[in-house]
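Novice: So here's protein_11.cif, just mmCIF, C-alpha atoms:
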```
data_input
#
loop_
_atom_site.label_atom_id
_atom_site.label_comp_id
_atom_site.auth_asym_id
_atom_site.auth_seq_id
_atom_site.Cartn_x
_atom_site.Cartn_y
_atom_site.Cartn_z
CA MET A 11 -4.39 -11.64 -24.32
CA LEU A 12 -2.91 -13.38 -21.31
CA ASP A 13 -3.92 -12.61 -17.75
CA TYR A 14 -1.97 -13.20 -14.57
CA PRO A 15 -1.57 -16.80 -13.45
CA GLU A 16 -4.35 -17.46 -10.93
CA PRO A 17 -2.26 -17.21 -7.70
CA ILE A 18 -0.90 -13.81 -8.76
CA ALA A 19 -4.36 -12.63 -9.77
CA ARG A 20 -5.73 -13.54 -6.34
CA LEU A 21 -2.87 -11.70 -4.61
CA VAL A 22 -3.35 -8.58 -6.75
CA THR A 23 -7.11 -8.65 -6.05
CA ALA A 24 -6.56 -8.99 -2.30
CA LEU A 25 -4.06 -6.11 -2.25
CA ASN A 26 -6.29 -3.97 -4.46
CA ARG A 27 -9.03 -4.18 -1.81
CA LEU A 28 -6.91 -2.31 0.71
CA PRO A 29 -7.85 1.36 1.09
CA GLY A 30 -5.74 3.68 -1.07
CA ILE A 31 -4.16 0.78 -3.01
CA GLY A 32 -5.16 0.99 -6.68
CA PRO A 33 -4.67 -1.70 -9.34
CA LYS A 34 -1.20 -0.44 -10.37
CA THR A 35 0.10 -0.32 -6.80
CA ALA A 36 -1.47 -3.71 -6.07
CA GLN A 37 0.38 -5.18 -9.04
CA ARG A 38 3.66 -3.57 -7.97
CA LEU A 39 3.27 -4.88 -4.40
CA ALA A 40 2.32 -8.36 -5.62
CA PHE A 41 5.44 -8.65 -7.76
CA TYR A 42 7.48 -7.31 -4.86
CA LEU A 43 6.03 -9.91 -2.48
CA LEU A 44 6.75 -12.69 -4.97
CA ARG A 45 10.40 -11.75 -5.07
CA ALA A 46 10.95 -10.61 -1.50
CA PRO A 47 12.90 -12.83 0.90
CA GLU A 48 10.71 -15.39 2.67
CA GLU A 49 11.19 -13.77 6.10
CA GLU A 50 9.61 -10.62 4.67
CA ALA A 51 6.62 -11.96 2.71
CA GLY A 52 5.94 -14.76 5.16
CA ALA A 53 6.22 -12.34 8.08
CA LEU A 54 3.52 -10.15 6.58
CA ALA A 55 1.13 -13.08 6.07
CA ARG A 56 1.76 -14.32 9.61
CA ALA A 57 1.46 -10.81 11.10
CA ILE A 58 -1.99 -10.38 9.53
CA VAL A 59 -3.21 -13.70 10.92
CA ALA A 60 -1.65 -13.12 14.36
CA ALA A 61 -2.97 -9.58 14.71
CA ARG A 62 -6.48 -10.72 13.80
CA LYS A 63 -6.25 -13.55 16.33
CA ASP A 64 -4.63 -11.74 19.26
CA ILE A 65 -6.02 -8.22 19.04
CA ARG A 66 -9.47 -7.47 20.43
CA TYR A 67 -11.32 -4.41 21.71
CA CYS A 68 -10.84 -3.43 25.34
CA SER A 69 -14.08 -4.23 27.18
CA VAL A 70 -13.77 -0.96 29.11
CA CYS A 71 -12.62 1.72 26.63
CA SER A 72 -12.93 -0.09 23.22
CA ASN A 73 -9.31 0.60 22.34
CA LEU A 74 -7.49 -2.15 20.43
CA THR A 75 -5.49 -4.32 22.79
CA ASP A 76 -3.87 -7.73 23.26
CA ILE A 77 -4.91 -7.89 26.95
CA ASP A 78 -8.31 -7.06 28.44
CA PRO A 79 -8.76 -4.54 29.98
CA CYS A 80 -6.10 -2.73 27.96
CA ARG A 81 -2.83 -1.45 29.38
CA ILE A 82 -4.12 2.09 29.77
CA CYS A 83 -7.30 1.05 31.60
CA GLN A 84 -5.21 -1.19 33.89
CA ASP A 85 -2.52 1.43 34.55
CA GLU A 86 -2.90 2.59 38.16
CA GLU A 87 -0.77 5.66 37.49
CA ARG A 88 -3.17 7.20 34.97
CA ASP A 89 -5.34 10.07 36.14
CA ARG A 90 -8.82 8.56 36.50
CA SER A 91 -10.49 11.96 36.86
CA VAL A 92 -9.92 12.85 33.18
CA MET A 93 -11.34 10.94 30.23
CA CYS A 94 -10.67 11.66 26.59
CA VAL A 95 -13.28 10.69 23.96
CA VAL A 96 -11.91 9.79 20.52
CA GLU A 97 -13.46 8.34 17.38
CA GLU A 98 -11.00 5.57 16.55
CA PRO A 99 -8.32 3.44 18.26
CA ARG A 100 -5.67 5.13 16.10
CA ASP A 101 -6.57 8.46 17.72
CA VAL A 102 -5.54 7.02 21.09
CA LEU A 103 -2.10 6.33 19.64
CA ALA A 104 -1.86 9.84 18.20
CA LEU A 105 -2.63 11.36 21.60
CA GLU A 106 -0.31 8.98 23.47
CA ARG A 107 2.52 10.02 21.18
CA THR A 108 2.29 13.59 22.48
CA GLY A 109 3.30 12.26 25.90
CA GLN A 110 1.19 15.06 27.38
CA TYR A 111 -1.96 13.20 28.39
CA ARG A 112 -2.14 11.03 31.49
CA GLY A 113 -5.90 10.39 31.76
CA LEU A 114 -8.12 7.59 30.45
CA TYR A 115 -9.71 7.12 27.03
CA HIS A 116 -13.03 6.16 25.58
CA VAL A 117 -13.20 5.10 21.94
CA LEU A 118 -16.57 5.76 20.26
CA MET A 119 -15.84 3.54 17.23
CA GLY A 120 -16.90 6.24 14.81
CA ALA A 121 -18.75 9.56 14.71
CA ILE A 122 -22.38 10.50 14.23
CA SER A 123 -22.98 10.67 10.49
CA PRO A 124 -26.62 10.54 9.31
CA ILE A 125 -25.45 10.45 5.69
CA ASP A 126 -23.61 7.16 6.36
CA GLY A 127 -26.47 5.85 8.51
CA VAL A 128 -24.45 6.15 11.73
CA GLY A 129 -26.70 7.37 14.55
CA PRO A 130 -25.67 7.76 18.21
CA GLU A 131 -26.99 4.26 18.95
CA LYS A 132 -24.25 2.74 16.76
CA LEU A 133 -21.47 4.34 18.81
CA ARG A 134 -20.17 3.34 22.26
CA ILE A 135 -22.12 6.13 23.92
CA ASN A 136 -24.09 4.00 26.42
CA GLU A 137 -20.78 2.53 27.57
CA LEU A 138 -19.43 6.09 27.98
CA LEU A 139 -22.43 7.19 30.10
CA HIS A 140 -22.08 4.04 32.18
CA ARG A 141 -18.44 4.88 32.92
CA LEU A 142 -19.25 8.51 33.75
CA GLN A 143 -22.05 7.49 36.12
CA GLN A 144 -19.47 5.80 38.34
CA GLY A 145 -18.56 9.37 39.35
CA GLN A 146 -14.75 9.28 39.19
CA VAL A 147 -14.44 11.34 36.00
CA LYS A 148 -14.43 15.12 36.54
CA GLU A 149 -13.43 16.25 33.06
CA LEU A 150 -14.38 14.81 29.69
CA VAL A 151 -12.09 15.95 26.83
CA LEU A 152 -13.89 15.67 23.49
CA ALA A 153 -11.18 14.83 20.95
CA THR A 154 -13.36 13.84 18.01
CA ASN A 155 -12.15 15.05 14.61
CA ALA A 156 -12.49 18.67 13.54
CA ASP A 157 -14.79 17.76 10.62
CA ILE A 158 -18.59 18.01 10.45
CA GLU A 159 -19.21 14.54 11.90
CA GLY A 160 -16.69 15.05 14.69
CA GLU A 161 -18.13 18.46 15.62
CA ALA A 162 -21.69 17.11 15.58
CA THR A 163 -20.65 14.20 17.78
CA ALA A 164 -18.89 16.55 20.22
CA LEU A 165 -21.95 18.78 20.42
CA TYR A 166 -24.25 15.79 20.95
CA LEU A 167 -22.04 14.39 23.71
CA SER A 168 -21.59 17.71 25.50
CA ARG A 169 -25.37 18.11 25.79
CA LEU A 170 -25.74 14.56 27.02
CA VAL A 171 -22.92 14.69 29.53
CA LYS A 172 -23.13 18.16 31.06
CA PRO A 173 -26.26 17.30 33.14
CA LEU A 174 -24.15 14.65 34.89
CA GLY A 175 -22.05 17.45 36.38
CA VAL A 176 -18.94 16.56 34.38
CA ARG A 177 -16.78 19.37 32.98
CA VAL A 178 -16.72 19.01 29.18
CA THR A 179 -13.82 20.41 27.14
CA ARG A 180 -12.84 20.27 23.46
CA LEU A 181 -9.40 20.17 21.84
CA ALA A 182 -8.36 23.63 20.65
CA HIS A 183 -8.68 24.49 16.97
CA GLY A 184 -6.16 26.76 15.31
CA ILE A 185 -3.16 27.08 13.04
CA PRO A 186 -1.07 23.91 13.03
CA VAL A 187 2.35 24.42 14.63
CA GLY A 188 4.79 25.33 11.87
CA GLY A 189 1.86 26.19 9.63
CA ASP A 190 1.80 29.27 7.45
CA LEU A 191 -1.04 31.73 8.06
CA GLU A 192 -1.23 32.24 4.32
CA TYR A 193 -2.16 28.62 3.69
CA ALA A 194 -4.67 28.21 6.53
CA ASP A 195 -8.30 28.04 5.37
CA GLU A 196 -10.74 30.74 6.51
CA VAL A 197 -12.60 28.51 8.98
CA THR A 198 -9.40 27.44 10.73
CA LEU A 199 -8.22 31.05 10.81
CA ALA A 200 -11.55 32.22 12.25
CA ARG A 201 -11.35 29.52 14.95
CA ALA A 202 -7.75 30.46 15.71
CA LEU A 203 -8.79 34.09 16.08
CA ALA A 204 -11.77 33.30 18.30
CA GLY A 205 -9.59 31.07 20.45
CA ARG A 206 -6.74 33.59 20.77
CA GLN A 207 -4.91 33.50 24.08
CA GLU A 208 -3.18 36.17 26.08
CA ILE A 209 0.60 35.94 26.17
CA LEU A 210 1.57 36.07 29.81
CA MET B 3 4.03 6.89 26.30
CA LEU B 4 2.28 3.78 25.09
CA ASP B 5 3.27 1.91 21.96
CA TYR B 6 1.17 -0.43 19.86
CA PRO B 7 0.36 -3.80 21.35
CA GLU B 8 2.97 -6.24 20.01
CA PRO B 9 0.79 -7.95 17.33
CA ILE B 10 -0.17 -4.59 15.83
CA ALA B 11 3.44 -3.38 15.95
CA ARG B 12 4.57 -6.47 14.04
CA LEU B 13 1.87 -5.95 11.41
CA VAL B 14 2.75 -2.26 10.98
CA THR B 15 6.44 -3.16 10.64
CA ALA B 16 5.73 -5.82 8.02
CA LEU B 17 3.52 -3.45 6.00
CA ASN B 18 6.06 -0.63 6.33
CA ARG B 19 8.65 -2.81 4.59
CA LEU B 20 6.64 -2.86 1.36
CA PRO B 21 7.95 -0.46 -1.29
CA GLY B 22 6.17 2.90 -1.27
CA ILE B 23 4.38 2.17 2.03
CA GLY B 24 5.53 4.65 4.69
CA PRO B 25 4.86 4.44 8.44
CA LYS B 26 1.59 6.42 8.24
CA THR B 27 0.17 4.28 5.43
CA ALA B 28 1.35 1.12 7.17
CA GLN B 29 -0.53 2.17 10.31
CA ARG B 30 -3.67 2.98 8.32
CA LEU B 31 -3.54 -0.37 6.51
CA ALA B 32 -2.91 -2.26 9.75
CA PHE B 33 -5.97 -0.74 11.43
CA TYR B 34 -7.96 -1.45 8.30
CA LEU B 35 -6.89 -5.10 8.27
CA LEU B 36 -7.78 -5.47 11.94
CA ARG B 37 -11.31 -4.33 11.26
CA ALA B 38 -11.89 -5.78 7.79
CA PRO B 39 -14.14 -8.81 7.38
CA GLU B 40 -12.29 -12.11 7.81
CA GLU B 41 -12.71 -13.10 4.16
CA GLU B 42 -10.78 -9.97 3.23
CA ALA B 43 -7.88 -9.97 5.71
CA GLY B 44 -7.58 -13.76 5.73
CA ALA B 45 -7.73 -13.84 1.93
CA LEU B 46 -4.75 -11.49 1.72
CA ALA B 47 -2.66 -13.58 4.13
CA ARG B 48 -3.55 -16.77 2.26
CA ALA B 49 -2.95 -15.15 -1.15
CA ILE B 50 0.58 -14.15 -0.13
CA VAL B 51 1.40 -17.67 1.06
CA ALA B 52 -0.24 -19.35 -1.96
CA ALA B 53 1.42 -17.07 -4.51
CA ARG B 54 4.83 -17.69 -2.96
CA LYS B 55 4.22 -21.42 -2.98
CA ASP B 56 2.65 -21.83 -6.44
CA ILE B 57 4.40 -19.22 -8.55
CA ARG B 58 7.85 -19.93 -9.99
CA TYR B 59 9.95 -18.71 -12.88
CA CYS B 60 9.41 -20.33 -16.27
CA SER B 61 12.47 -22.49 -17.01
CA VAL B 62 12.40 -21.31 -20.64
CA CYS B 63 11.64 -17.56 -20.60
CA SER B 64 11.93 -16.68 -16.85
CA ASN B 65 8.42 -15.21 -16.77
CA LEU B 66 6.42 -15.78 -13.58
CA THR B 67 4.10 -18.74 -13.97
CA ASP B 68 2.13 -21.40 -12.12
CA ILE B 69 2.98 -24.07 -14.72
CA ASP B 70 6.38 -24.81 -16.28
CA PRO B 71 6.99 -24.03 -19.09
CA CYS B 72 4.65 -21.04 -18.87
CA ARG B 73 1.44 -20.71 -20.92
CA ILE B 74 3.09 -18.46 -23.49
CA CYS B 75 6.07 -20.78 -24.06
CA GLN B 76 3.64 -23.73 -24.36
CA ASP B 77 1.22 -21.95 -26.69
CA GLU B 78 1.54 -23.52 -30.15
CA GLU B 79 -0.22 -20.56 -31.75
CA ARG B 80 2.44 -18.02 -30.80
CA ASP B 81 4.84 -16.91 -33.49
CA ARG B 82 8.12 -18.64 -32.66
CA SER B 83 10.10 -16.53 -35.11
CA VAL B 84 9.80 -13.37 -32.99
CA MET B 85 11.14 -12.99 -29.47
CA CYS B 86 10.73 -9.96 -27.24
CA VAL B 87 13.34 -9.23 -24.55
CA VAL B 88 12.06 -7.47 -21.41
CA GLU B 89 13.59 -6.62 -18.06
CA GLU B 90 10.88 -7.87 -15.68
CA PRO B 91 7.93 -10.29 -15.63
CA ARG B 92 5.56 -7.34 -15.21
CA ASP B 93 6.74 -6.02 -18.61
CA VAL B 94 5.39 -9.21 -20.22
CA LEU B 95 1.98 -8.37 -18.78
CA ALA B 96 2.16 -4.81 -20.05
CA LEU B 97 2.93 -6.01 -23.59
CA GLU B 98 0.29 -8.77 -23.47
CA ARG B 99 -2.31 -6.16 -22.53
CA THR B 100 -1.76 -4.40 -25.85
CA GLY B 101 -3.08 -7.55 -27.56
CA GLN B 102 -0.73 -6.70 -30.46
CA TYR B 103 2.13 -9.09 -29.89
CA ARG B 104 1.97 -12.78 -30.77
CA GLY B 105 5.62 -13.81 -30.42
CA LEU B 106 7.59 -15.27 -27.51
CA TYR B 107 9.29 -13.51 -24.58
CA HIS B 108 12.55 -13.63 -22.76
CA VAL B 109 12.78 -12.01 -19.33
CA LEU B 110 16.26 -10.78 -18.39
CA MET B 111 15.44 -10.33 -14.69
CA GLY B 112 16.91 -6.84 -14.63
CA ALA B 113 19.08 -4.53 -16.69
CA ILE B 114 22.80 -3.88 -16.84
CA SER B 115 23.59 -1.35 -14.13
CA PRO B 116 27.23 -1.05 -13.05
CA ILE B 117 26.24 1.40 -10.30
CA ASP B 118 24.05 -1.30 -8.70
CA GLY B 119 26.65 -3.99 -9.34
CA VAL B 120 24.54 -5.69 -12.02
CA GLY B 121 26.78 -6.88 -14.84
CA PRO B 122 25.63 -8.91 -17.89
CA GLU B 123 26.54 -12.14 -16.07
CA LYS B 124 23.76 -11.54 -13.52
CA LEU B 125 21.07 -11.40 -16.21
CA ARG B 126 19.52 -14.28 -18.17
CA ILE B 127 21.67 -13.52 -21.20
CA ASN B 128 23.28 -16.95 -21.57
CA GLU B 129 19.78 -18.46 -21.58
CA LEU B 130 18.81 -15.96 -24.29
CA LEU B 131 21.78 -16.86 -26.47
CA HIS B 132 21.03 -20.53 -25.99
CA ARG B 133 17.46 -20.01 -27.21
CA LEU B 134 18.62 -17.96 -30.21
CA GLN B 135 21.17 -20.58 -31.21
CA GLN B 136 18.32 -23.03 -31.83
CA GLY B 137 17.75 -20.97 -34.98
CA GLN B 138 13.95 -20.50 -34.93
CA VAL B 139 14.02 -16.83 -33.93
CA LYS B 140 14.35 -14.42 -36.86
CA GLU B 141 13.65 -11.13 -35.03
CA LEU B 142 14.60 -10.08 -31.53
CA VAL B 143 12.57 -7.10 -30.21
CA LEU B 144 14.48 -5.28 -27.49
CA ALA B 145 11.83 -3.93 -25.11
CA THR B 146 14.01 -2.95 -22.19
CA ASN B 147 13.09 0.32 -20.48
CA ALA B 148 13.86 3.67 -22.07
CA ASP B 149 16.18 4.68 -19.20
CA ILE B 150 19.99 4.59 -19.10
CA GLU B 151 20.18 0.98 -17.87
CA GLY B 152 17.60 -0.21 -20.39
CA GLU B 153 19.33 1.54 -23.29
CA ALA B 154 22.75 0.18 -22.25
CA THR B 155 21.31 -3.32 -22.02
CA ALA B 156 19.68 -3.00 -25.45
CA LEU B 157 22.95 -1.80 -26.98
CA TYR B 158 24.90 -4.62 -25.31
CA LEU B 159 22.44 -7.25 -26.52
CA SER B 160 22.25 -5.93 -30.06
CA ARG B 161 26.03 -6.22 -30.42
CA LEU B 162 25.97 -9.71 -28.98
CA VAL B 163 23.05 -10.98 -31.05
CA LYS B 164 23.58 -9.44 -34.50
CA PRO B 165 26.52 -11.78 -35.35
CA LEU B 166 24.04 -14.68 -34.97
CA GLY B 167 22.19 -13.37 -38.02
CA VAL B 168 19.08 -12.38 -36.03
CA ARG B 169 17.31 -9.14 -36.94
CA VAL B 170 17.39 -6.88 -33.88
CA THR B 171 14.73 -4.17 -33.35
CA ARG B 172 13.94 -1.75 -30.55
CA LEU B 173 10.57 -0.38 -29.37
CA ALA B 174 9.96 3.09 -30.84
CA HIS B 175 10.54 6.14 -28.66
CA GLY B 176 8.33 9.20 -29.03
CA ILE B 177 5.51 11.28 -27.69
CA PRO B 178 3.09 9.18 -25.60
CA VAL B 179 -0.34 8.86 -27.26
CA GLY B 180 -2.54 11.64 -25.90
CA GLY B 181 0.59 13.46 -24.73
CA ASP B 182 1.08 17.17 -25.19
CA LEU B 183 4.13 18.27 -27.18
CA GLU B 184 4.59 21.12 -24.75
CA TYR B 185 5.15 18.76 -21.83
CA ALA B 186 7.44 16.27 -23.57
CA ASP B 187 11.07 16.52 -22.47
CA GLU B 188 13.73 17.46 -25.03
CA VAL B 189 15.20 13.99 -25.28
CA THR B 190 11.84 12.38 -26.00
CA LEU B 191 11.04 15.10 -28.49
CA ALA B 192 14.39 14.65 -30.24
CA ARG B 193 13.79 10.88 -30.46
CA ALA B 194 10.28 11.47 -31.76
CA LEU B 195 11.66 13.78 -34.42
CA ALA B 196 14.44 11.40 -35.44
CA GLY B 197 11.93 8.56 -35.65
CA ARG B 198 9.34 10.50 -37.63
CA GLN B 199 7.35 8.42 -40.09
CA GLU B 200 5.80 9.24 -43.41
CA ILE B 201 2.03 9.47 -43.46
CA LEU B 202 0.91 7.23 -46.32
#
```
Output the structure of this file as structure tokens.

Specialist:
Amino acid sequence: MLDYPEPIARLVTALNRLPGIGPKTAQRLAFYLLRAPEEEAGALARAIVAARKDIRYCSVCSNLTDIDPCRICQDEERDRSVMCVVEEPRDVLALERTGQYRGLYHVLMGAISPIDGVGPEKLRINELLHRLQQGQVKELVLATNADIEGEATALYLSRLVKPLGVRVTRLAHGIPVGGDLEYADEVTLARALAGRQEIL
Amino acid sequence: MLDYPEPIARLVTALNRLPGIGPKTAQRLAFYLLRAPEEEAGALARAIVAARKDIRYCSVCSNLTDIDPCRICQDEERDRSVMCVVEEPRDVLALERTGQYRGLYHVLMGAISPIDGVGPEKLRINELLHRLQQGQVKELVLATNADIEGEATALYLSRLVKPLGVRVTRLAHGIPVGGDLEYADEVTLARALAGRQEIL
């Protein structure tokens, strides 16, 4: 039985390590990359190297950035009285895409998860408290995920932050827009009911 | 609204070009690669470059290889009286994995597909005829795919090759091993019935 030639085997192995890419997909992608035009395959290799070299974490909010502090932290037009706490840099992007938020961000770099050995000390919580102590922030929007870890982190932070006199809010839970009531799970439905709002 | 920093945007774009990788997956992979250990992200970039540099097509059978002729064409222990025709290099791997085939291969680099503008002249058919004319091959196994293009290609080749006095065979069609009769489509079932074999 013949295996791949060594250079293909190494490429398949490297692709297979990516999250959500199984051995079959890795093989398909490897053969694609071997046949793709040079500007496509080469561009991917160069983009990986360049992104790793040029992207770092913002020293203020921990978002991913190519300049430090990041563009949002530097932007004088952002509302410095509101700060939104998220778990990951990608969450900043998701919120920015709404076009509805004009405050600052703070990226925790994860969520409290005892089962994965992630305690509060592993998150950027000291950095958050340090920023809040400067007194400019009046409202802290907790936008951690709606899962167990995210909820636990939000609860932990709200207890920690409230004594500082900062208003703490949480993103609303409920039926996704366009979602069918029939397909919503009971917990989401219960939260949507509890959070019902008067139509004015 | 803020977009990705330029190096991330380039990485997402490059990943998004891969087949089956949509914008969401590309974003997820990009953030993963930014955070992955260097030996993982760097290894992928290097593997792409190395594979493109070191892998070429075998000048005899058109399989992908790092040496020319490829290991199979060079292997003195392979049965040179049987040759298996496949569409793509990955099909060689699939057949080698069975461990049941000891002959040679010929990769067509595609299948006849008028709708995609692929006529016989775009495939490695002249190279195939040239190899057959050397007279060593007694049986040609047509292992093109079981779709319309693969069947058309097999039919075309069988008409072309039979006058050379070479025995032409085709991979059997039928119910996949472990497959349920109930879920087999009519065409497969009809082929399985037509190809039924006596239990000895």

Novice: When you get a sec, could you note down which chain A residues fall within 8 Å of chain B, using all atoms listed in the file, as an MDAnalysis selection string?

Specialist: chainID A and resid 11:18 20:21 24:25 27:29 39 41:44 50:62 64:65 75:76 100 103 106:109

Novice: I'd like the interatomic distance between CA of Ala182 (chain A) and CA of Gly113 (chain A), to a tenth of an Å.

Specialist: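 CA of Gly113 (chain A) lies 17.5 Å from CA of Ala182 (chain A).
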
Novice: With the file shown as input, list the residues that the PyMOL selection byres ((chain A and resi 83) around 10) selects, as a PyMOL selection string.

Specialist: chain A and resi 68-71+73+78-82+84-88+90+113-116

Novice: Please report the interatomic distance between CA of Gln138 (chain B) and CA of Gly167 (chain B) in Å with one decimal.

Specialist: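 Computing it gives 11.3 Å between the two atoms.
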
Novice: Name the residues captured by the PyMOL selection byres ((chain B and resi 175) around 10) when it is applied to the shown file; answer as a VMD selection string.

Specialist: chain B and resid 148 172 to 174 176 to 178 189 to 197

Novice: What gap, in Å, lies between CA of Asp187 (chain B) and CA of Gly152 (chain B)?

Specialist: 18.1 Å

Novice: Determine the nearest neighbour of Leu118 (chain A) from the options A:Thr179, A:Asn155, A:Ser91, A:Gln143, counting only C-alpha atoms.

Specialist: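 Nearest to Leu118 (chain A): A:Asn155.
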
Novice: Report as JSON the centre and the edge lengths, in Å to one decimal, of the axis-aligned box holding every listed atom of region 129-140 of chain A, padded by 4 Å on each side.

Specialist:
```
{"center_x": -23.2, "center_y": 5.1, "center_z": 23.4, "size_x": 15.6, "size_y": 13.2, "size_z": 25.6}
```

Novice: Which residues are close to Val176 (chain A), i.e. within 9 Å by all atoms listed in the file, leaving aside same-chain residues fewer than 2 positions away? Reply as JSON, numbers by chain.

Specialist: {"A": [142, 145, 147, 148, 149, 150, 171, 172, 173, 174, 178]}

Novice: Could you list, as an NGL selection string, every residue matched by the PyMOL selection byres ((chain B and resi 156) around 10) in this structure?

Specialist: :B and (87-88 or 113-114 or 143-148 or 150-155 or 157-162 or 170-172)

Novice: Write out as a tab-separated table (two decimals) with C-alpha atoms, in the coordinates of the input the residues lying within 12 Å of Lys124 (chain B), counting only C-alpha atoms and excluding same-chain residues fewer than 4 positions away.

Specialist:
```tsv
chain	number	residue	atom	x	y	z
B	110	LEU	CA	16.26	-10.78	-18.39
B	111	MET	CA	15.44	-10.33	-14.69
B	112	GLY	CA	16.91	-6.84	-14.63
B	113	ALA	CA	19.08	-4.53	-16.69
B	114	ILE	CA	22.80	-3.88	-16.84
B	115	SER	CA	23.59	-1.35	-14.13
B	116	PRO	CA	27.23	-1.05	-13.05
B	118	ASP	CA	24.05	-1.30	-8.70
B	119	GLY	CA	26.65	-3.99	-9.34
B	120	VAL	CA	24.54	-5.69	-12.02
B	128	ASN	CA	23.28	-16.95	-21.57
B	129	GLU	CA	19.78	-18.46	-21.58
```
